file protein_21.txt (compact mmCIF, C-alpha atoms)
# COMPACT_ATOMS: atom_id res chain seq x y z
CA MET B 1 88.27 152.05 60.64
CA GLU B 2 84.96 151.52 58.86
CA LEU B 3 84.74 155.25 58.17
CA ASN B 4 88.23 155.34 56.67
CA LYS B 5 87.20 152.61 54.28
CA ARG B 6 84.07 154.45 53.17
CA VAL B 7 85.94 157.67 52.55
CA ARG B 8 88.71 155.86 50.69
CA GLU B 9 86.14 154.19 48.49
CA PHE B 10 84.66 157.55 47.52
CA ILE B 11 88.06 159.08 46.84
CA GLU B 12 89.30 156.18 44.76
CA GLU B 13 86.15 156.33 42.69
CA ASN B 14 86.28 160.05 42.05
CA LEU B 15 89.91 160.99 41.98
CA LEU B 16 91.45 160.97 38.54
CA VAL B 17 94.58 158.94 38.91
CA PHE B 18 96.60 158.59 35.77
CA ASP B 19 99.07 156.10 37.00
CA ASP B 20 97.79 152.68 38.00
CA GLU B 21 100.80 152.18 40.18
CA VAL B 22 99.96 155.08 42.43
CA GLU B 23 98.89 154.13 45.89
CA PHE B 24 98.28 156.43 48.76
CA SER B 25 97.95 155.79 52.44
CA ASP B 26 95.30 157.23 54.73
CA SER B 27 97.72 159.90 55.87
CA ASP B 28 99.03 160.91 52.43
CA ASN B 29 98.13 164.39 51.25
CA ILE B 30 95.96 163.74 48.21
CA PHE B 31 96.22 167.35 47.12
CA GLU B 32 99.99 167.07 46.82
CA LEU B 33 99.67 164.08 44.53
CA GLY B 34 98.41 166.41 41.81
CA PHE B 35 95.19 164.57 41.07
CA VAL B 36 92.80 166.99 42.67
CA ASN B 37 90.88 169.45 40.57
CA SER B 38 88.11 171.93 41.32
CA LEU B 39 85.39 169.51 40.31
CA PHE B 40 86.67 166.82 42.67
CA ALA B 41 86.87 169.38 45.46
CA MET B 42 83.21 170.24 45.06
CA LYS B 43 82.24 166.55 44.90
CA LEU B 44 84.24 165.80 48.04
CA VAL B 45 82.50 168.53 50.03
CA SER B 46 79.05 167.43 48.79
CA TYR B 47 79.92 163.83 49.63
CA VAL B 48 80.79 164.70 53.21
CA GLU B 49 77.68 166.85 53.58
CA ASN B 50 75.19 164.45 52.04
CA ASN B 51 76.48 161.17 53.37
CA PHE B 52 77.11 162.20 56.94
CA ASN B 53 74.44 164.86 57.22
CA ILE B 54 76.97 167.51 58.09
CA SER B 55 76.82 171.10 57.10
CA VAL B 56 80.26 172.31 56.09
CA GLY B 57 80.57 175.99 56.95
CA ASN B 58 82.96 178.49 55.42
CA ALA B 59 85.33 178.16 58.36
CA ASP B 60 85.39 174.37 57.91
CA LEU B 61 86.44 174.66 54.28
CA ARG B 62 90.13 174.40 54.93
CA LEU B 63 92.67 172.38 53.07
CA ASP B 64 93.80 170.64 56.26
CA ASN B 65 90.30 169.29 56.90
CA PHE B 66 90.18 167.65 53.49
CA ASN B 67 93.69 166.86 52.32
CA SER B 68 93.99 163.27 53.49
CA ILE B 69 91.69 160.39 54.36
CA ASP B 70 92.74 160.65 58.02
CA ASN B 71 91.95 164.36 58.13
CA ILE B 72 88.59 163.95 56.40
CA VAL B 73 87.63 161.23 58.88
CA LYS B 74 88.82 163.36 61.79
CA PHE B 75 86.73 166.24 60.46
CA ILE B 76 83.63 164.09 60.04
CA ASN B 77 84.01 162.71 63.55
CA SER B 78 84.42 166.16 65.02
CA LYS B 79 81.17 167.18 63.36
CA ILE B 80 79.01 164.20 64.19
CA SER B 81 80.08 163.72 67.77
CA MET M 1 67.33 191.79 34.16
CA LYS M 2 67.93 188.09 33.76
CA GLU M 3 68.96 186.93 30.31
CA ILE M 4 67.20 184.04 28.60
CA LYS M 5 69.64 181.38 27.38
CA CYS M 6 67.19 178.85 26.00
CA VAL M 7 63.66 178.97 24.60
CA VAL M 8 61.74 175.71 25.07
CA TRP M 9 58.97 175.22 22.53
CA ASP M 10 55.82 173.18 22.53
CA LEU M 11 54.99 171.69 19.10
CA ASP M 12 51.24 171.19 18.47
CA ASN M 13 49.49 174.52 17.91
CA THR M 14 52.64 176.33 18.95
CA LEU M 15 55.33 175.62 16.39
CA TRP M 16 52.81 174.39 13.88
CA ASP M 17 49.05 174.64 13.44
CA GLY M 18 47.25 171.38 14.20
CA ILE M 19 47.89 168.25 16.23
CA LEU M 20 50.40 165.88 14.70
CA LEU M 21 48.87 162.67 16.02
CA GLU M 22 45.54 163.61 14.43
CA ASP M 23 46.77 165.23 11.27
CA LYS M 24 49.99 164.25 9.53
CA ASP M 25 49.92 167.39 7.41
CA VAL M 26 50.22 170.01 10.09
CA THR M 27 51.41 173.34 8.75
CA LEU M 28 54.32 175.24 10.18
CA LYS M 29 53.42 178.68 11.46
CA GLU M 30 54.68 181.16 8.95
CA ASP M 31 57.13 183.19 11.00
CA ILE M 32 58.42 180.34 13.16
CA PRO M 33 61.51 179.41 11.08
CA ASN M 34 62.64 183.02 11.11
CA ILE M 35 62.12 183.31 14.87
CA ILE M 36 64.04 180.09 15.61
CA LYS M 37 66.90 181.04 13.30
CA THR M 38 67.12 184.59 14.59
CA LEU M 39 67.22 183.43 18.21
CA ASP M 40 69.92 180.95 17.23
CA SER M 41 72.00 183.68 15.60
CA ARG M 42 71.69 185.72 18.80
CA GLY M 43 73.24 182.84 20.73
CA ILE M 44 69.95 181.82 22.34
CA LEU M 45 69.43 178.08 22.24
CA ASN M 46 66.19 176.37 21.27
CA SER M 47 64.75 173.18 22.70
CA ILE M 48 61.42 171.34 22.78
CA SER M 49 59.02 170.10 25.39
CA SER M 50 56.14 168.37 23.66
CA LYS M 51 53.76 165.56 24.55
CA ASN M 52 54.04 163.72 21.31
CA ASP M 53 55.34 160.65 19.56
CA PHE M 54 59.10 161.06 19.36
CA VAL M 55 59.63 159.50 15.93
CA SER M 56 56.84 161.26 14.06
CA ALA M 57 57.60 164.61 15.71
CA THR M 58 61.30 164.49 14.86
CA GLU M 59 60.53 163.40 11.31
CA LYS M 60 58.19 166.35 10.93
CA LEU M 61 60.82 168.71 12.25
CA LYS M 62 63.33 167.27 9.82
CA GLU M 63 60.85 167.82 6.98
CA PHE M 64 60.58 171.47 8.06
CA ASN M 65 64.40 171.70 8.15
CA LEU M 66 64.33 172.73 11.78
CA LEU M 67 65.42 169.61 13.67
CA ASP M 68 69.07 170.63 13.95
CA TYR M 69 68.16 173.82 15.75
CA PHE M 70 66.85 172.03 18.83
CA LEU M 71 69.15 170.79 21.57
CA TYR M 72 68.10 168.00 23.93
CA PRO M 73 64.47 167.95 22.71
CA GLU M 74 62.07 166.37 25.21
CA ILE M 75 59.37 164.67 23.17
CA ASN M 76 57.59 162.25 25.49
CA TRP M 77 54.61 162.05 27.85
CA ASN M 78 56.24 163.44 30.96
CA ASN M 79 55.21 166.55 32.82
CA LYS M 80 56.57 169.56 31.00
CA SER M 81 58.13 170.86 34.19
CA ASP M 82 60.19 167.65 34.38
CA SER M 83 61.17 167.96 30.74
CA ILE M 84 62.32 171.52 31.31
CA LYS M 85 64.36 170.44 34.31
CA SER M 86 66.17 167.83 32.21
CA ILE M 87 66.84 170.34 29.46
CA ALA M 88 68.33 172.78 31.98
CA LYS M 89 70.41 170.01 33.49
CA ASN M 90 71.69 168.81 30.13
CA LEU M 91 72.61 172.32 29.03
CA ASN M 92 73.96 173.10 32.50
CA ILE M 93 72.06 176.39 32.68
CA GLY M 94 69.83 177.82 35.40
CA LEU M 95 66.06 177.32 35.32
CA ASP M 96 65.67 181.08 35.55
CA SER M 97 67.32 181.44 32.15
CA ILE M 98 64.64 179.41 30.38
CA MET M 99 61.60 180.69 28.49
CA PHE M 100 58.76 178.26 27.77
CA VAL M 101 56.34 178.84 24.90
CA ASP M 102 53.09 176.83 24.81
CA ASP M 103 49.57 177.45 23.54
CA GLN M 104 47.91 175.67 26.45
CA GLN M 105 47.18 177.51 29.65
CA TYR M 106 47.22 174.19 31.53
CA GLU M 107 50.83 173.42 30.52
CA ARG M 108 52.03 176.93 31.28
CA ASP M 109 50.39 176.76 34.70
CA GLU M 110 51.89 173.35 35.44
CA VAL M 111 55.36 174.68 34.62
CA SER M 112 54.87 177.97 36.50
CA PHE M 113 53.63 176.13 39.54
CA ALA M 114 56.51 173.63 39.62
CA ILE M 115 59.25 176.04 38.52
CA PRO M 116 58.25 179.67 39.16
CA GLU M 117 61.58 180.92 37.76
CA VAL M 118 60.74 179.86 34.20
CA VAL M 119 59.31 182.63 32.02
CA CYS M 120 56.14 181.26 30.40
CA VAL M 121 54.77 182.77 27.20
CA ASP M 122 51.50 182.09 25.42
CA ALA M 123 52.15 180.81 21.87
CA MET M 124 49.64 183.41 20.65
CA GLN M 125 52.28 186.01 21.48
CA HIS M 126 55.02 184.42 19.37
CA LYS M 127 55.16 187.31 16.92
CA GLN M 128 56.39 189.58 19.71
CA LEU M 129 59.17 187.26 20.84
CA LEU M 130 61.99 188.73 18.77
CA SER M 131 61.41 192.19 20.18
CA ASN M 132 61.21 190.90 23.77
CA PRO M 133 64.08 192.53 25.70
CA LEU M 134 64.80 189.22 27.47
CA LEU M 135 65.72 187.79 24.08
CA ASN M 136 67.93 190.66 23.00
CA PRO M 137 71.43 190.26 24.44
CA ARG M 138 73.44 193.44 24.44
CA PHE M 139 76.28 191.91 22.48
CA ILE M 140 76.26 189.22 19.88
CA THR M 141 79.75 187.79 19.75
CA GLU M 142 81.44 185.20 17.59
CA SER M 143 80.99 182.86 20.50
CA SER M 144 77.26 183.50 20.80
CA LYS M 145 76.73 182.99 17.08
CA SER M 146 78.39 179.60 17.25
CA ARG M 147 76.94 178.65 20.62
CA ARG M 148 74.74 175.88 19.27
CA LYS M 149 77.70 174.42 17.40
CA LEU M 150 79.73 174.45 20.61
CA TYR M 151 76.94 172.60 22.41
CA ILE M 152 76.72 170.06 19.62
CA GLU M 153 80.47 169.43 19.89
CA ASP M 154 79.88 168.97 23.63
CA ILE M 155 77.13 166.44 22.98
CA LYS M 156 79.50 164.54 20.71
CA ARG M 157 82.18 164.60 23.40
CA LYS M 158 79.69 163.30 25.95
CA ILE M 159 78.53 160.47 23.70
CA ASP M 160 82.11 159.46 22.94
CA GLU M 161 82.94 159.69 26.62
CA GLU M 162 80.07 157.35 27.50
CA LYS M 163 81.01 154.94 24.74
CA PHE M 164 84.66 155.02 25.72
CA LEU M 165 85.76 151.68 27.11
CA GLY M 166 88.37 151.95 29.76
CA PRO M 167 89.07 154.41 32.51
CA LYS M 168 87.80 157.99 32.38
CA GLU M 169 91.37 159.16 32.80
CA ASP M 170 92.30 157.65 29.46
CA PHE M 171 89.43 159.42 27.76
CA LEU M 172 90.43 162.77 29.23
CA LYS M 173 94.00 162.19 28.12
CA SER M 174 92.81 161.29 24.63
CA LEU M 175 91.10 164.68 24.28
CA ASN M 176 94.49 166.45 24.20
CA MET M 177 93.15 169.45 26.03
CA GLU M 178 95.12 172.63 25.76
CA LEU M 179 94.46 175.63 27.96
CA CYS M 180 95.93 178.94 26.91
CA ILE M 181 95.96 181.87 29.32
CA LYS M 182 97.04 185.26 28.05
CA PRO M 183 96.30 188.96 28.42
CA ALA M 184 92.99 189.83 26.75
CA ARG M 185 92.88 191.80 23.53
CA GLU M 186 90.22 194.21 22.41
CA GLU M 187 88.57 191.63 20.19
CA ASP M 188 88.02 189.36 23.22
CA LEU M 189 86.16 191.94 25.27
CA ALA M 190 82.61 191.47 24.04
CA ARG M 191 82.90 187.77 24.88
CA LEU M 192 84.44 188.55 28.29
CA GLU M 193 81.64 190.99 29.07
CA GLU M 194 79.23 188.24 28.13
CA LEU M 195 80.99 185.86 30.53
CA THR M 196 80.58 188.33 33.41
CA ILE M 197 76.86 188.53 32.66
CA ARG M 198 76.10 184.90 31.89
CA THR M 199 78.22 183.07 34.45
CA HIS M 200 76.84 182.61 37.92
CA GLN M 201 78.33 179.45 39.40
CA LEU M 202 82.01 179.69 38.60
CA ASN M 203 82.23 183.36 39.43
CA THR M 204 84.09 184.83 42.42
CA THR M 205 82.07 188.04 42.82
CA GLY M 206 79.14 188.22 40.42
CA ILE M 207 80.13 191.79 39.58
CA THR M 208 79.53 192.51 35.93
CA TYR M 209 81.85 194.64 33.83
CA ASP M 210 80.82 196.04 30.50
CA TYR M 211 82.88 196.40 27.37
CA GLU M 212 84.00 199.94 28.20
CA ASP M 213 85.08 198.98 31.74
CA LEU M 214 87.09 196.06 30.41
CA LYS M 215 88.62 198.15 27.65
CA ARG M 216 89.78 200.72 30.18
CA MET M 217 91.38 197.94 32.19
CA ILE M 218 93.36 196.32 29.42
CA TYR M 219 95.03 199.66 28.67
CA SER M 220 95.54 200.55 32.31
CA GLU M 221 98.77 200.01 34.22
CA GLN M 222 96.73 199.15 37.25
CA PHE M 223 95.10 195.98 35.92
CA ILE M 224 95.86 192.79 34.05
CA LEU M 225 92.99 191.02 32.38
CA PHE M 226 93.70 187.42 31.43
CA ALA M 227 91.51 185.49 29.01
CA ALA M 228 91.56 181.70 28.97
CA GLU M 229 90.81 179.56 25.95
CA LEU M 230 90.36 175.80 25.92
CA LYS M 231 90.85 173.57 22.90
CA ASP M 232 90.74 169.85 22.34
CA ASN M 233 90.47 167.36 19.50
CA TYR M 234 86.86 168.29 18.89
CA GLY M 235 87.55 171.97 18.43
CA SER M 236 87.90 175.11 20.49
CA TYR M 237 85.56 175.84 23.36
CA GLY M 238 86.36 179.49 22.70
CA LYS M 239 87.21 181.93 25.48
CA ILE M 240 85.93 180.13 28.53
CA GLY M 241 87.34 182.15 31.37
CA LEU M 242 88.86 185.34 32.65
CA VAL M 243 91.00 186.48 35.54
CA LEU M 244 91.05 190.16 36.39
CA ILE M 245 94.03 191.19 38.47
CA GLU M 246 94.60 194.46 40.19
CA LYS M 247 98.25 195.33 40.72
CA LEU M 248 98.72 196.58 44.26
CA LYS M 249 102.04 197.35 45.88
CA GLY M 250 103.97 194.06 45.92
CA GLU M 251 100.74 192.20 45.49
CA TRP M 252 98.40 190.80 42.89
CA ARG M 253 94.75 190.88 43.82
CA ILE M 254 92.29 188.69 41.92
CA LYS M 255 89.32 191.04 41.51
CA LEU M 256 87.36 188.58 39.46
CA PHE M 257 87.79 185.00 38.33
CA ILE M 258 85.22 183.43 36.04
CA LEU M 259 85.00 180.13 34.21
CA SER M 260 82.18 179.20 31.88
CA CYS M 261 79.92 176.45 33.24
CA ARG M 262 80.44 174.65 29.95
CA VAL M 263 83.87 173.55 31.13
CA MET M 264 82.84 172.77 34.70
CA THR M 265 83.25 169.01 34.26
CA ARG M 266 86.82 169.50 33.09
CA GLY M 267 87.83 170.77 36.50
CA ILE M 268 90.13 173.44 35.19
CA GLY M 269 89.51 175.96 37.98
CA THR M 270 92.45 174.60 39.92
CA VAL M 271 94.62 174.64 36.82
CA VAL M 272 94.00 178.33 36.18
CA LEU M 273 94.54 179.25 39.83
CA ASN M 274 97.79 177.29 39.85
CA GLU M 275 99.11 179.26 36.89
CA ILE M 276 98.24 182.58 38.50
CA MET M 277 99.84 181.42 41.74
CA LYS M 278 103.02 180.26 40.03
CA THR M 279 103.31 183.50 38.08
CA ALA M 280 102.88 185.63 41.22
CA LYS M 281 105.34 183.52 43.17
CA LEU M 282 107.95 183.80 40.46
CA GLN M 283 107.86 187.58 40.84
CA ASN M 284 107.87 187.44 44.64
CA LEU M 285 104.44 189.00 44.78
CA ARG M 286 101.82 188.38 47.40
CA LEU M 287 98.52 187.09 46.12
CA SER M 288 95.01 187.80 47.34
CA ALA M 289 91.49 187.42 46.03
CA GLU M 290 88.17 189.15 46.49
CA PHE M 291 85.09 187.03 46.95
CA ILE M 292 81.40 187.84 47.25
CA HIS M 293 79.16 184.98 48.35
CA THR M 294 76.09 184.53 46.15
CA GLN M 295 73.40 181.84 46.00
CA LYS M 296 75.28 179.97 43.33
CA ASN M 297 79.02 180.40 43.55
CA ARG M 298 80.00 178.09 46.37
CA VAL M 299 81.93 175.83 44.00
CA MET M 300 84.29 178.73 43.29
CA TYR M 301 84.73 179.44 46.98
CA ILE M 302 85.73 175.82 47.52
CA ALA M 303 88.18 176.00 44.63
CA LEU M 304 89.86 179.02 46.24
CA LYS M 305 89.90 177.53 49.74
CA PHE M 306 91.36 174.25 48.48
CA ALA M 307 94.03 176.17 46.61
CA ASN M 308 95.01 177.41 50.08
CA PHE M 309 93.48 180.87 49.92
CA ILE M 310 92.74 181.81 53.53
CA GLU M 311 90.28 184.37 54.85
CA ASP M 312 91.84 187.65 55.85
CA ASP M 313 89.51 188.35 58.76
CA ALA M 314 90.87 191.82 59.45
CA ASN M 315 89.91 193.05 56.00
CA THR M 316 86.79 191.01 55.38
CA THR M 317 83.43 192.72 55.67
CA SER M 318 79.95 191.27 55.53
CA ASP M 319 79.77 192.14 51.83
CA LEU M 320 83.27 191.42 50.65
CA THR M 321 85.57 188.60 51.64
CA ILE M 322 89.30 188.99 51.17
CA LEU M 323 91.41 185.86 50.94
CA ASN M 324 95.17 185.68 51.09
CA ASN M 325 97.44 183.07 49.66
CA ASP M 326 100.97 182.87 51.03
CA LEU M 327 101.92 180.69 48.04
CA SER M 328 103.59 178.16 50.33
CA ILE M 329 101.54 175.33 48.83
CA ILE M 330 101.13 175.10 45.09
CA ASN M 331 99.77 171.68 44.29
CA LYS M 332 100.71 169.90 41.14
CA ALA M 333 98.29 170.59 38.32
CA THR M 334 96.28 167.85 36.68
CA GLN M 335 98.24 166.02 34.08
CA PHE M 336 95.72 165.77 31.31
CA ILE M 337 95.67 169.44 30.40
CA ASN M 338 98.51 171.07 28.61
CA VAL M 339 98.74 174.64 29.92
CA LYS M 340 100.28 177.61 28.18
CA MET M 341 100.62 180.79 30.15
CA GLU M 342 101.67 183.74 28.03
CA PHE M 343 102.63 186.72 30.03
CA GLU M 344 105.48 189.19 29.69
CA TRP M 345 106.71 191.33 32.50
CA ASN M 346 107.44 194.87 31.54
call {"tool": "encode", "arguments": {"input": "protein_21.txt", "output": "structure tokens"}}
result
Amino acid sequence: MELNKRVREFIEENLLVFDDEVEFSDSDNIFELGFVNSLFAMKLVSYVENNFNISVGNADLRLDNFNSIDNIVKFINSKIS
Amino acid sequence: MKEIKCVVWDLDNTLWDGILLEDKDVTLKEDIPNIIKTLDSRGILNSISSKNDFVSATEKLKEFNLLDYFLYPEINWNNKSDSIKSIAKNLNIGLDSIMFVDDQQYERDEVSFAIPEVVCVDAMQHKQLLSNPLLNPRFITESSKSRRKLYIEDIKRKIDEEKFLGPKEDFLKSLNMELCIKPAREEDLARLEELTIRTHQLNTTGITYDYEDLKRMIYSEQFILFAAELKDNYGSYGKIGLVLIEKLKGEWRIKLFILSCRVMTRGIGTVVLNEIMKTAKLQNLRLSAEFIHTQKNRVMYIALKFANFIEDDANTTSDLTILNNDLSIINKATQFINVKMEFEWN
């Protein structure tokens, strides 16, 4: 749970959300919301690499590893365990 | 050969004769104004790294009518290597595209030791600078001539952005950004060639194409060359990107996709990809992209992967990666950029 919170904090800080009303759950696909751009994508990958000491290889760079908080957490866990 | 994008100057005994803190009436070296202005007109930026008093040095530069030519001057008591790193960071250019001119061996050695990529030149040699091949770009385009102006507009944007109270989203919205993507015309080609040479980070292959190559392509049935231009309230950023498409049977292949690093923080990579994806989907075409991994272009690889381009392992070699996009997922584009795609099917 702690991990979900940390990842959510990063995403909420860096995602450009134009509508204050928008809320998304841990399982929502943040890419489908239309707020993700190429700069955010790069930041997200660097965040995962630098904060969890993970190296993200080419094969790991898949939309379904990064498109929701749940999936990001699942990916991080799979790498650090 | 690597192109120099910015010349960083020392002041005392380099730009002028004498030491400003000891002698208020230093004299400008005779050919310096011409050198600075000529570099500027070639699209090469100028900056300063000088251990000096900021106020008196800038006043002196103003008196010599040169102050406006220098972007992000570093006039302080820091190591020159650190100053050069901040200049490169502020301009968002690579350290290997910087030339440093200083009269003191000690300073040149300090910089060379800390940042071996920087080209260091003895100020004694300044008369030879204009004929140095590193400072002679093959093409001088409208965009290169106004490069300093474009950077100054950027600085203004940045200052306003920092001053802006309220969420970043509101600032981005207030810029009224407009991105126009359309087939390149002959008058765009010198600038597009320049983009293939100057752009290293937001570049899918790093392959350079010269004017003649590009000209052949815009008149060929086999290729489509898109040019992208970005404008906002502050002015036009000029042509900031290109997408080269090869028309295969039932398929569009992105041979090259480049965006200028000047627009990196606007995150428009996804926006451009979305437009290409939508256009291909509309015509029931398949879409693929070529990618060559370099030291610097990972950000572009991530942009492609997160736009759901997937490695085609059967056709990928160690040198060239092929990615396919089945166009099943086209995410909504960001809402703060107004996009115009002009393309007619014939």
call {"tool": "closest_atom_pairs", "arguments": {"input": "protein_21.txt", "of": "chain M", "to": "chain B", "cutoff": "12 Å", "atoms": "only C-alpha atoms", "output": "JSON lines"}}
result
{"residue": "M:Pro167", "atom": "CA", "partner": "B:Phe18", "partner_atom": "CA", "distance": 9.2}
{"residue": "M:Lys168", "atom": "CA", "partner": "B:Leu16", "partner_atom": "CA", "distance": 7.8}
{"residue": "M:Glu169", "atom": "CA", "partner": "B:Leu16", "partner_atom": "CA", "distance": 6.0}
{"residue": "M:Asp170", "atom": "CA", "partner": "B:Phe18", "partner_atom": "CA", "distance": 7.7}
{"residue": "M:Phe171", "atom": "CA", "partner": "B:Phe18", "partner_atom": "CA", "distance": 10.8}
{"residue": "M:Leu172", "atom": "CA", "partner": "B:Leu16", "partner_atom": "CA", "distance": 9.5}
{"residue": "M:Lys173", "atom": "CA", "partner": "B:Phe18", "partner_atom": "CA", "distance": 8.8}
{"residue": "M:Gln201", "atom": "CA", "partner": "B:Met42", "partner_atom": "CA", "distance": 11.9}
{"residue": "M:Leu202", "atom": "CA", "partner": "B:Ser38", "partner_atom": "CA", "distance": 10.2}
{"residue": "M:Leu259", "atom": "CA", "partner": "B:Ser38", "partner_atom": "CA", "distance": 11.3}
{"residue": "M:Cys261", "atom": "CA", "partner": "B:Leu39", "partner_atom": "CA", "distance": 11.3}
{"residue": "M:Val263", "atom": "CA", "partner": "B:Leu39", "partner_atom": "CA", "distance": 10.1}
{"residue": "M:Met264", "atom": "CA", "partner": "B:Leu39", "partner_atom": "CA", "distance": 7.0}
{"residue": "M:Thr265", "atom": "CA", "partner": "B:Leu39", "partner_atom": "CA", "distance": 6.4}
{"residue": "M:Arg266", "atom": "CA", "partner": "B:Leu39", "partner_atom": "CA", "distance": 7.4}
{"residue": "M:Gly267", "atom": "CA", "partner": "B:Leu39", "partner_atom": "CA", "distance": 4.7}
{"residue": "M:Ile268", "atom": "CA", "partner": "B:Ser38", "partner_atom": "CA", "distance": 6.6}
{"residue": "M:Gly269", "atom": "CA", "partner": "B:Ser38", "partner_atom": "CA", "distance": 5.4}
{"residue": "M:Thr270", "atom": "CA", "partner": "B:Ser38", "partner_atom": "CA", "distance": 5.3}
{"residue": "M:Val271", "atom": "CA", "partner": "B:Asn37", "partner_atom": "CA", "distance": 7.4}
{"residue": "M:Val272", "atom": "CA", "partner": "B:Ser38", "partner_atom": "CA", "distance": 10.1}
{"residue": "M:Leu273", "atom": "CA", "partner": "B:Ser38", "partner_atom": "CA", "distance": 9.9}
{"residue": "M:Asn274", "atom": "CA", "partner": "B:Asn37", "partner_atom": "CA", "distance": 10.5}
{"residue": "M:His293", "atom": "CA", "partner": "B:Asn58", "partner_atom": "CA", "distance": 10.3}
{"residue": "M:Asn297", "atom": "CA", "partner": "B:Met42", "partner_atom": "CA", "distance": 11.1}
{"residue": "M:Arg298", "atom": "CA", "partner": "B:Met42", "partner_atom": "CA", "distance": 8.6}
{"residue": "M:Val299", "atom": "CA", "partner": "B:Met42", "partner_atom": "CA", "distance": 5.8}
{"residue": "M:Met300", "atom": "CA", "partner": "B:Ser38", "partner_atom": "CA", "distance": 8.0}
{"residue": "M:Tyr301", "atom": "CA", "partner": "B:Asn58", "partner_atom": "CA", "distance": 8.7}
{"residue": "M:Ile302", "atom": "CA", "partner": "B:Met42", "partner_atom": "CA", "distance": 6.6}
{"residue": "M:Ala303", "atom": "CA", "partner": "B:Ser38", "partner_atom": "CA", "distance": 5.2}
{"residue": "M:Leu304", "atom": "CA", "partner": "B:Ser38", "partner_atom": "CA", "distance": 8.8}
{"residue": "M:Lys305", "atom": "CA", "partner": "B:Arg62", "partner_atom": "CA", "distance": 6.1}
{"residue": "M:Phe306", "atom": "CA", "partner": "B:Leu63", "partner_atom": "CA", "distance": 5.1}
{"residue": "M:Ala307", "atom": "CA", "partner": "B:Leu63", "partner_atom": "CA", "distance": 7.6}
{"residue": "M:Asn308", "atom": "CA", "partner": "B:Leu63", "partner_atom": "CA", "distance": 6.3}
{"residue": "M:Phe309", "atom": "CA", "partner": "B:Arg62", "partner_atom": "CA", "distance": 8.8}
{"residue": "M:Ile310", "atom": "CA", "partner": "B:Arg62", "partner_atom": "CA", "distance": 8.0}
{"residue": "M:Glu311", "atom": "CA", "partner": "B:Ala59", "partner_atom": "CA", "distance": 8.7}
{"residue": "M:Asp312", "atom": "CA", "partner": "B:Ala59", "partner_atom": "CA", "distance": 11.8}
{"residue": "M:Asp313", "atom": "CA", "partner": "B:Ala59", "partner_atom": "CA", "distance": 11.0}
{"residue": "M:Thr321", "atom": "CA", "partner": "B:Asn58", "partner_atom": "CA", "distance": 11.1}
{"residue": "M:Ile329", "atom": "CA", "partner": "B:Glu32", "partner_atom": "CA", "distance": 8.6}
{"residue": "M:Ile330", "atom": "CA", "partner": "B:Glu32", "partner_atom": "CA", "distance": 8.3}
{"residue": "M:Asn331", "atom": "CA", "partner": "B:Glu32", "partner_atom": "CA", "distance": 5.3}
{"residue": "M:Lys332", "atom": "CA", "partner": "B:Gly34", "partner_atom": "CA", "distance": 4.2}
{"residue": "M:Ala333", "atom": "CA", "partner": "B:Gly34", "partner_atom": "CA", "distance": 5.4}
{"residue": "M:Thr334", "atom": "CA", "partner": "B:Phe35", "partner_atom": "CA", "distance": 5.6}
{"residue": "M:Gln335", "atom": "CA", "partner": "B:Gly34", "partner_atom": "CA", "distance": 7.7}
{"residue": "M:Phe336", "atom": "CA", "partner": "B:Phe18", "partner_atom": "CA", "distance": 8.5}
{"residue": "M:Ile337", "atom": "CA", "partner": "B:Asn37", "partner_atom": "CA", "distance": 11.2}
call {"tool": "residues_near_point", "arguments": {"input": "protein_21.txt", "point": "(56.8, 178.5, 38.8)", "cutoff": "12 Å", "atoms": "only C-alpha atoms", "output": "PyMOL selection string"}}
result
chain M and resi 80-81+84-85+95-96+98-100+107-120
call {"tool": "atom_distance", "arguments": {"input": "protein_21.txt", "atom1": "CA of Cys180 in chain M", "atom2": "CA of Ala227 in chain M"}}
result
8.2 Å
call {"tool": "closest_residue", "arguments": {"input": "protein_21.txt", "among": "M:Lys2, M:Arg216, M:Lys182, M:Arg148", "to": "Val243 in chain M", "atoms": "all atoms listed in the file"}}
result
M:Lys182
call {"tool": "axis_aligned_box", "arguments": {"input": "protein_21.txt", "around": "range 178-194 of chain M", "padding_each_side": "3 Å", "output": "AutoDock Vina command-line options"}}
result
--center_x 88.1 --center_y 183.4 --center_z 24.8 --size_x 23.8 --size_y 27.6 --size_z 15.1
call {"tool": "closest_residue", "arguments": {"input": "protein_21.txt", "among": "M:Glu59, M:Asp326, M:Asp17, M:Glu178", "to": "Gly238 in chain M", "atoms": "all atoms listed in the file"}}
result
M:Glu178
call {"tool": "atom_distance", "arguments": {"input": "protein_21.txt", "atom1": "CA of Leu39 in chain M", "atom2": "CA of Pro133 in chain M"}}
result
12.2 Å
call {"tool": "closest_residue", "arguments": {"input": "protein_21.txt", "among": "M:Ser288, M:Asn78, M:Asn203, M:Thr208", "to": "Lys247 in chain M", "atoms": "only C-alpha atoms"}}
result
M:Ser288
call {"tool": "atom_distance", "arguments": {"input": "protein_21.txt", "atom1": "CA of Ile292 in chain M", "atom2": "CA of Asn315 in chain M"}}
result
13.3 Å
call {"tool": "residues_around", "arguments": {"input": "protein_21.txt", "residues": "range 6-9 of chain M", "least_positions_apart": "4", "cutoff": "8 Å", "atoms": "only C-alpha atoms", "output": "ChimeraX atom specification"}}
result
/M:14-15,44-50,84,97-102
call {"tool": "residues_around", "arguments": {"input": "protein_21.txt", "residues": "Ser41 in chain M", "least_positions_apart": "4", "cutoff": "9 Å", "atoms": "all atoms listed in the file", "output": "mmCIF file with C-alpha atoms, in the frame of the given file"}}
result
data_model
loop_
_atom_site.group_PDB
_atom_site.id
_atom_site.type_symbol
_atom_site.label_atom_id
_atom_site.label_comp_id
_atom_site.auth_asym_id
_atom_site.auth_seq_id
_atom_site.Cartn_x
_atom_site.Cartn_y
_atom_site.Cartn_z
ATOM 1 C CA ILE M 36 64.040 180.090 15.610
ATOM 2 C CA LYS M 37 66.900 181.040 13.300
ATOM 3 C CA ILE M 140 76.260 189.220 19.880
ATOM 4 C CA SER M 144 77.260 183.500 20.800
ATOM 5 C CA LYS M 145 76.730 182.990 17.080
ATOM 6 C CA SER M 146 78.390 179.600 17.250
ATOM 7 C CA ARG M 147 76.940 178.650 20.620
#
